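Here is the structure we will look at.
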Amino acid sequence: MKDKLKNIDNKAFLLYMTIVLFIIMYGIGVVMFGNKGFQKPQVFLNLFISNAGLIVIATGMTMVIISGGIDISVGSFVALTCMVLAYLMEKIKINAPSAIAVVIIIGLIFGLVQGILISYLNIQPFIVTLAGMFFARGMTAIISQEMISITNETFLSWANKKITIPLFGIVNKKGAVVYPYIYPTVIVALIILVLMFILLKYTKFGRSVYAVGGNEQSALLLGLNVKKIKLQVYVLNGLLCSIGGFLFCLNTCAGFVEQAKGFEMEAIAGAVIGGTLLTGGVGNVFGSLFGVLIKGTIEAFVSFQGTLSSWWTKIIIAAILAFFIILQSILAMSKRGKK
Amino acid sequence: MIKRGLSLFVSAVMLTMFALTGCGGGTKAPEESKAVESSETASESKSEEAKSEESKDASKVIVVGYAQVGAESDWRTANTESFKSTFVPENGYELIFNDAQQKQENQIKAIRDFIQQEVDYIVLAPVVETGWDTVLQEAKDAGIPVILSDRMIKTSDDSLYTALVCGDFIKEGETAGHWLEEYLRSKSADNDKKINIVTLQGTIGASAQVGRTDGFANILAQHPNWNMLAKQTGEFTQSKGQEVMESFLKQFDDIDVVVAENDNMAFGAIDAIKAAGKTCGPNGDITVISFDAVKAAFDAMIAGDLNASIECSPLHGPRVAEIIQKLEKGETVDKIQYVDESYFDTSMDLEKIKAGRAY
């Protein structure tokens, strides 16, 4: 009993750690670049605007990792999503909602196939999704090697729909009053985040996912249908990837084979920094949100600094990632020691 | 109890570590912030003066944000250097530089950050042609003019950018075609001999790739004996260029001409050709044409590996500065400004030309 309590403490500890780190980093940014406008609310909102797609993808990734798996196909799949959207709307001229419906169906099928291979044929998730990664990237190029720009009016009206928040207006250098704004993508991403949080925390399915990831054998002994749960996880992840891809596409408004390269690694990094254990069974989607925000903050740092090479972003993320992994393993060790 | 101690220790470690990274990341920050402070006070005094009359204040620092593509080639590095050496405090500028590592999403983020920093001008060398409407509209709403460098964008609203400074890529492609025309004529009297060509394309969708491919295709169309065997992207990088050339050499054993859409891919291709036991250059089996004419391309031509390189001047900094100065005075500027370009081949006095070039 006491052990269990400790375990929860550890999980919460990792999450708090991430949140505290984010706040500290943001604070440092405000102090260091306050004179350049880092303290503006819009800088904070930009973290969400620029990373809306990634937030959704990282949410799905968190669930997959909690279940004990991994999905490295998501970056390529985002590229495929954008390409399919662009191709359907620009070349075949179907309307935007139908194009999105098609993309969501593709996401479900993609997740279903990967899920069946992983759960029922017992193939390593890394290998299956590696194949998925190559397939999706290749398929994107097959559809079109040229970039397809989206000009569909409905789609662009969604992409350009600024939602202004009539608070904290700032008078800029040119004398105009600028209010903070977000795009609909941010709202969609946050709604999905909350839904996923509820799903994982308060439903039978969610608890089963934790159980399967924590210890597959005990989950089996508990009478859980492990294969079915895993399949459901990958199908749901496929759905989230197509939604994430759609949000990403709203930011770039184009289909292009080079898009979202390395996205899968950003999503995994976000989840791990957010306290998700790669061994499965532990994790929280809100942690991943903060993981993504930390990444965004580092990027803003480098950009505000103005003379640093932007590759520093990767170095700092590497340091933070290493730190969290070490922290996790220290916690895991101390847990074992207690037993 | 031990546990609590451990977590305390760990958080302490974390804080120190982070503090270190934080400092490491911002070593230049103090100077930087000083510069900005002075720029801010300068602009304040400017606005006061502006109220009295439009007296020109030479001390005003113009802040320019440059969203650069990356550092994928020597050309790009020369382009970056051109900006870094033009927009210096001595000339009254502060440059905020951002390297997007070839990713459009990074550039979009960078522009959003520039807007929040209230830079005076945004210079954008777009990674790709499309998808800029939303973020450039944000810049426009904030009243910040955007100047494009190197590459054009596709947009429904031309007012989203103020000017474009670039090379004429289609013309460059045509120049390459004309050069090959002349070269083949000088080499052999047989004008109907079949010429097998392969192309290493740039990053698909970039205007340099599109323009050079199209420009060369225009000349290709005039020559029924020119046969384009294959076109594939080498993404403007040396390693990818080499890789693609290796696969071309395996597929086809009768390649006469390689058109590499930048110098770096040509260097990769030359390595691949040599590794395959073939020769290239003016005295070799395979004619290699490239674009950009960076310094290393001159070395390759002098070494006899490369036949010709079509110039694409990366020195956009001074031209952009010129545009900014005009805009500061309230003058209108031409929307599209081409930089002057020519070509170089092994028939010229390359050592001398090379010595006189800045990149």
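Just so we're on the same page: first chain in the structure tokens is A, next is B, and so on; residues restart at 1 for each chain, and ligands are numbered from 1 in the order they show up.
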Return as a compact mmCIF listing (two decimals) with N, CA and C atoms, in the first residue's frame the residues belonging to chain A that are within 8 Å of chain B, counting only C-alpha atoms.
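Just written: iface-v6.txt:
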# COMPACT_ATOMS: atom_id res chain seq x y z
N ILE A 28 12.99 32.80 -16.93
CA ILE A 28 14.32 33.23 -17.39
C ILE A 28 14.18 34.01 -18.70
N MET A 32 15.50 37.68 -19.22
CA MET A 32 16.57 37.93 -20.17
C MET A 32 16.13 38.77 -21.37
N PHE A 33 14.92 38.51 -21.84
CA PHE A 33 14.49 39.16 -23.08
C PHE A 33 13.27 40.05 -22.86
N ASN A 35 13.12 43.14 -22.38
CA ASN A 35 13.19 44.36 -23.18
C ASN A 35 12.91 44.11 -24.66
N LYS A 36 12.90 42.83 -25.05
CA LYS A 36 12.58 42.52 -26.45
C LYS A 36 11.14 42.07 -26.60
N GLY A 37 10.40 42.03 -25.52
CA GLY A 37 8.99 41.70 -25.62
C GLY A 37 8.65 40.26 -25.31
N PHE A 38 9.54 39.54 -24.61
CA PHE A 38 9.26 38.14 -24.29
C PHE A 38 8.09 38.04 -23.32
N LYS A 40 5.34 39.51 -23.40
CA LYS A 40 4.02 39.73 -23.99
C LYS A 40 3.19 38.45 -23.98
N GLN A 42 1.30 37.40 -26.09
CA GLN A 42 1.28 36.75 -27.40
C GLN A 42 2.42 35.74 -27.57
N VAL A 43 3.54 36.01 -26.94
CA VAL A 43 4.66 35.07 -27.04
C VAL A 43 4.25 33.72 -26.46
N ASN A 46 1.80 32.11 -28.78
CA ASN A 46 2.46 31.59 -29.98
C ASN A 46 2.97 30.17 -29.77
N SER A 50 1.96 27.72 -32.70
CA SER A 50 2.95 27.03 -33.53
C SER A 50 2.97 25.53 -33.28
N GLN A 145 5.42 14.88 -55.91
CA GLN A 145 6.75 15.31 -55.49
C GLN A 145 6.80 16.82 -55.36
N GLU A 146 5.93 17.46 -56.14
CA GLU A 146 5.88 18.91 -56.10
C GLU A 146 5.06 19.33 -54.89
N MET A 147 5.37 20.48 -54.39
CA MET A 147 4.56 20.99 -53.30
C MET A 147 3.19 21.39 -53.84
N SER A 149 0.08 23.70 -52.99
CA SER A 149 -0.36 24.78 -52.12
C SER A 149 -1.88 24.74 -52.01
N ILE A 150 -2.38 24.93 -50.81
CA ILE A 150 -3.82 24.88 -50.63
C ILE A 150 -4.43 26.26 -50.85
N ALA A 159 -7.88 28.57 -41.58
CA ALA A 159 -6.48 28.79 -41.22
C ALA A 159 -6.24 30.23 -40.77
N ASN A 160 -6.94 31.16 -41.42
CA ASN A 160 -6.68 32.58 -41.14
C ASN A 160 -7.63 33.17 -40.12
N ASN A 172 2.02 48.90 -29.88
CA ASN A 172 3.33 48.57 -30.44
C ASN A 172 4.06 49.82 -30.89
N LYS A 173 5.26 49.60 -31.40
CA LYS A 173 6.14 50.70 -31.77
C LYS A 173 5.50 51.64 -32.79
N LYS A 174 4.68 51.06 -33.64
CA LYS A 174 4.05 51.85 -34.69
C LYS A 174 2.80 52.57 -34.17
N ALA A 176 -0.02 51.21 -33.00
CA ALA A 176 -1.28 50.49 -33.12
C ALA A 176 -1.49 49.61 -31.89
N VAL A 178 -2.44 46.27 -30.32
CA VAL A 178 -2.50 44.89 -30.78
C VAL A 178 -3.02 44.03 -29.63
N ASN A 251 -1.54 25.28 -40.28
CA ASN A 251 -0.44 26.21 -40.01
C ASN A 251 0.41 26.47 -41.25
N THR A 252 0.60 25.44 -42.09
CA THR A 252 1.48 25.61 -43.25
C THR A 252 0.72 25.74 -44.57
N CYS A 253 -0.54 25.29 -44.59
CA CYS A 253 -1.38 25.43 -45.79
C CYS A 253 -0.77 24.84 -47.04
N ALA A 254 -0.12 23.72 -46.93
CA ALA A 254 0.44 23.10 -48.12
C ALA A 254 0.70 21.63 -47.86
N GLN A 259 7.72 17.86 -45.36
CA GLN A 259 7.13 18.43 -44.14
C GLN A 259 7.26 17.51 -42.93
N ALA A 260 7.28 18.13 -41.77
CA ALA A 260 7.20 17.43 -40.48
C ALA A 260 8.25 16.34 -40.33
N ALA A 300 11.88 29.76 -28.78
CA ALA A 300 11.66 31.20 -28.66
C ALA A 300 12.91 31.88 -28.10
N VAL A 302 16.05 30.97 -28.42
CA VAL A 302 17.10 31.06 -29.44
C VAL A 302 16.74 32.15 -30.44
N SER A 303 15.46 32.21 -30.76
CA SER A 303 15.02 33.19 -31.74
C SER A 303 15.12 34.61 -31.18
N PHE A 304 14.77 34.80 -29.91
CA PHE A 304 14.86 36.13 -29.33
C PHE A 304 16.31 36.55 -29.12
N GLN A 305 17.15 35.57 -28.83
CA GLN A 305 18.55 35.89 -28.59
C GLN A 305 19.15 36.48 -29.86
N GLY A 306 18.81 35.88 -31.01
CA GLY A 306 19.09 36.53 -32.29
C GLY A 306 20.43 36.24 -32.92
N THR A 307 21.43 35.80 -32.15
CA THR A 307 22.71 35.53 -32.78
C THR A 307 23.12 34.07 -32.63
N LEU A 308 22.41 33.35 -31.76
CA LEU A 308 22.76 31.94 -31.54
C LEU A 308 22.34 31.10 -32.73
N SER A 309 23.09 30.06 -32.98
CA SER A 309 22.67 29.11 -34.00
C SER A 309 21.44 28.38 -33.47
N SER A 310 20.45 28.20 -34.35
CA SER A 310 19.21 27.60 -33.87
C SER A 310 19.40 26.13 -33.53
N TRP A 311 20.57 25.59 -33.89
CA TRP A 311 20.81 24.19 -33.51
C TRP A 311 20.98 24.06 -32.01
N TRP A 312 21.19 25.17 -31.32
CA TRP A 312 21.26 25.11 -29.86
C TRP A 312 19.98 24.56 -29.27
N ILE A 316 19.99 21.95 -26.18
CA ILE A 316 19.33 22.18 -24.89
C ILE A 316 18.28 21.11 -24.66
N PHE A 323 18.50 14.71 -18.76
CA PHE A 323 18.23 14.95 -17.35
C PHE A 323 16.99 14.18 -16.90
N LEU A 327 16.68 11.17 -14.23
CA LEU A 327 15.78 11.34 -13.10
C LEU A 327 14.83 10.15 -12.99
N SER A 334 15.13 3.74 -6.95
CA SER A 334 14.79 3.91 -5.55
C SER A 334 13.50 3.14 -5.23
**Request:** Check region 80-257 of chain A with DSSP on the backbone and list each residue it calls alpha helix (DSSP H), as a ChimeraX atom specification.
**Result:** /A:80-90,96-119,125-143,153-159,184-202,204-214,216-221,226-252
**Request:** Mind checking which residues fall within 8 Å of Ile65 (chain A), counting only C-alpha atoms, ignoring those fewer than 6 positions away in the same chain, and posting them as a list in words?
**Result:**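 Listing them by chain and then by number gives Gly213, Thr276, Leu277, Leu278, Thr279, Gly280 and Gly281 of chain A.
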Go ahead and write the selection's residues with N, CA and C atoms as an mmCIF file, in the first residue's frame.
data_model
loop_
_atom_site.group_PDB
_atom_site.id
_atom_site.type_symbol
_atom_site.label_atom_id
_atom_site.label_comp_id
_atom_site.auth_asym_id
_atom_site.auth_seq_id
_atom_site.Cartn_x
_atom_site.Cartn_y
_atom_site.Cartn_z
ATOM 1 N N GLY A 213 0.432 -1.429 -20.096
ATOM 2 C CA GLY A 213 1.782 -0.886 -20.205
ATOM 3 C C GLY A 213 2.613 -1.177 -18.976
ATOM 4 N N THR A 276 6.497 10.783 -19.068
ATOM 5 C CA THR A 276 6.055 9.473 -19.524
ATOM 6 C C THR A 276 7.248 8.522 -19.532
ATOM 7 N N LEU A 277 7.062 7.353 -18.933
ATOM 8 C CA LEU A 277 8.160 6.379 -18.909
ATOM 9 C C LEU A 277 8.130 5.544 -20.183
ATOM 10 N N LEU A 278 9.283 5.433 -20.846
ATOM 11 C CA LEU A 278 9.326 4.683 -22.100
ATOM 12 C C LEU A 278 9.043 3.203 -21.884
ATOM 13 N N THR A 279 9.180 2.746 -20.634
ATOM 14 C CA THR A 279 8.890 1.343 -20.357
ATOM 15 C C THR A 279 7.398 1.092 -20.225
ATOM 16 N N GLY A 280 6.600 2.163 -20.235
ATOM 17 C CA GLY A 280 5.156 1.998 -20.205
ATOM 18 C C GLY A 280 4.573 2.070 -18.802
ATOM 19 N N GLY A 281 3.263 2.285 -18.760
ATOM 20 C CA GLY A 281 2.560 2.253 -17.481
ATOM 21 C C GLY A 281 2.502 3.567 -16.733
#
**Request:** Using DSSP on the backbone coordinates, identify the residues of region 110-221 of chain A assigned to strand (DSSP E); present them as a list in words.
**Result:**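 For region 110-221 of chain A, the strand (DSSP E) set is Ile148, Ser149, Ile163, Thr164, Ile170, Val171, Val177, Val178, Tyr181 and Ile182 of chain A.
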**Request:** Compare B:Val198, B:Ala355, B:Ile324, B:Leu229 by their minimum atom-to-atom distance to Val64 (chain B), counting only C-alpha atoms, and give me the closest one.
**Result:** B:Ile324
Counting only C-alpha atoms, which residues of region 259-308 of chain B fall within 12 Å of region 178-181 of chain B, and what is the closest atom pair for each with its distance in Å at one decimal, ordered by chain and rising number, as a tab-separated table?
residue	atom	partner	partner_atom	distance
B:Val259	CA	B:Leu180	CA	9.9
B:Pro282	CA	B:Leu180	CA	11.9
B:Thr287	CA	B:Leu180	CA	9.0
B:Val288	CA	B:Leu180	CA	9.9
B:Ile289	CA	B:Leu180	CA	8.3
B:Ser290	CA	B:Trp179	CA	11.2
B:Asn307	CA	B:Leu180	CA	9.7
B:Ala308	CA	B:Trp179	CA	8.2
What lies within 9 Å of Leu350 (chain B) using only C-alpha atoms, ignoring chain neighbours under 3 positions off, as a PDB file with C-alpha atoms, in the first residue's frame?
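Output file around08.pdb is given in full below:
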ATOM      1  CA  PHE B 298      36.137  27.556 -58.839  1.00  0.00           C
ATOM      2  CA  ASP B 299      38.505  25.131 -57.153  1.00  0.00           C
ATOM      3  CA  MET B 301      36.890  23.922 -62.196  1.00  0.00           C
ATOM      4  CA  ILE B 302      40.576  24.684 -61.726  1.00  0.00           C
ATOM      5  CA  PHE B 344      32.012  30.743 -65.391  1.00  0.00           C
ATOM      6  CA  ASP B 345      33.673  27.856 -67.177  1.00  0.00           C
ATOM      7  CA  THR B 346      37.091  26.301 -67.550  1.00  0.00           C
ATOM      8  CA  SER B 347      37.932  28.445 -70.587  1.00  0.00           C
ATOM      9  CA  ILE B 353      38.294  35.727 -61.074  1.00  0.00           C
ATOM     10  CA  LYS B 354      38.284  33.651 -57.923  1.00  0.00           C
ATOM     11  CA  ALA B 355      40.691  35.988 -56.181  1.00  0.00           C
TER      12      ALA B 355
END
**Prompt:** Any idea what's packed within 8 Å of region 125-135 of chain A, counting only C-alpha atoms, ignoring anything in its chain fewer than 4 positions away? Could you give it as JSON, numbers by chain?
**Reply:** {"A": [69, 70, 71, 72, 73, 74, 75, 76, 77, 114, 117, 118, 139]}
May I have the residues from that selection written out with N, CA and C atoms, as a compact mmCIF listing (two decimals), in the first residue's frame?
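The resulting file, part.txt, is reproduced below:
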# COMPACT_ATOMS: atom_id res chain seq x y z
N GLY A 69 4.07 0.77 -25.94
CA GLY A 69 4.50 0.74 -27.33
C GLY A 69 5.25 2.01 -27.71
N ILE A 70 5.38 2.21 -29.03
CA ILE A 70 5.98 3.44 -29.54
C ILE A 70 5.45 3.59 -30.96
N ASP A 71 5.41 4.81 -31.45
CA ASP A 71 4.97 5.02 -32.83
C ASP A 71 5.87 6.06 -33.48
N ILE A 72 6.76 5.59 -34.35
CA ILE A 72 7.66 6.55 -34.99
C ILE A 72 7.19 6.90 -36.39
N SER A 73 5.96 6.50 -36.72
CA SER A 73 5.46 6.82 -38.06
C SER A 73 4.75 8.17 -38.09
N VAL A 74 4.59 8.81 -36.94
CA VAL A 74 3.69 9.96 -36.89
C VAL A 74 4.16 11.15 -37.75
N GLY A 75 5.47 11.39 -37.79
CA GLY A 75 5.96 12.53 -38.58
C GLY A 75 5.63 12.35 -40.05
N SER A 76 5.95 11.18 -40.57
CA SER A 76 5.64 10.89 -41.97
C SER A 76 4.15 10.93 -42.20
N PHE A 77 3.40 10.44 -41.20
CA PHE A 77 1.96 10.42 -41.38
C PHE A 77 1.39 11.83 -41.45
N GLN A 114 -1.45 -0.93 -38.41
CA GLN A 114 -0.29 -0.99 -37.50
C GLN A 114 -0.67 -1.72 -36.22
N LEU A 117 -0.88 -5.53 -36.69
CA LEU A 117 0.46 -6.12 -36.78
C LEU A 117 1.11 -6.18 -35.40
N ILE A 118 0.92 -5.13 -34.62
CA ILE A 118 1.59 -5.07 -33.32
C ILE A 118 0.92 -6.00 -32.31
N MET A 139 4.65 7.31 -49.73
CA MET A 139 3.33 7.53 -50.32
C MET A 139 3.12 9.02 -50.58
**Asked** In terms of the shortest atom-to-atom distance over only C-alpha atoms, which of B:Ala176, B:Ile310, B:Ile195, B:Ala230 is closest to Asp214 (chain B)?
**Response**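 Using only C-alpha atoms, the shortest distance to Asp214 (chain B) belongs to B:Ala176.
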**Close residues, Leu315 (chain B) itself excluded, 7 Å, only C-alpha atoms, min 2 positions apart in chain, as an NGL selection string** = :B and (79 or 82 or 313 or 317)
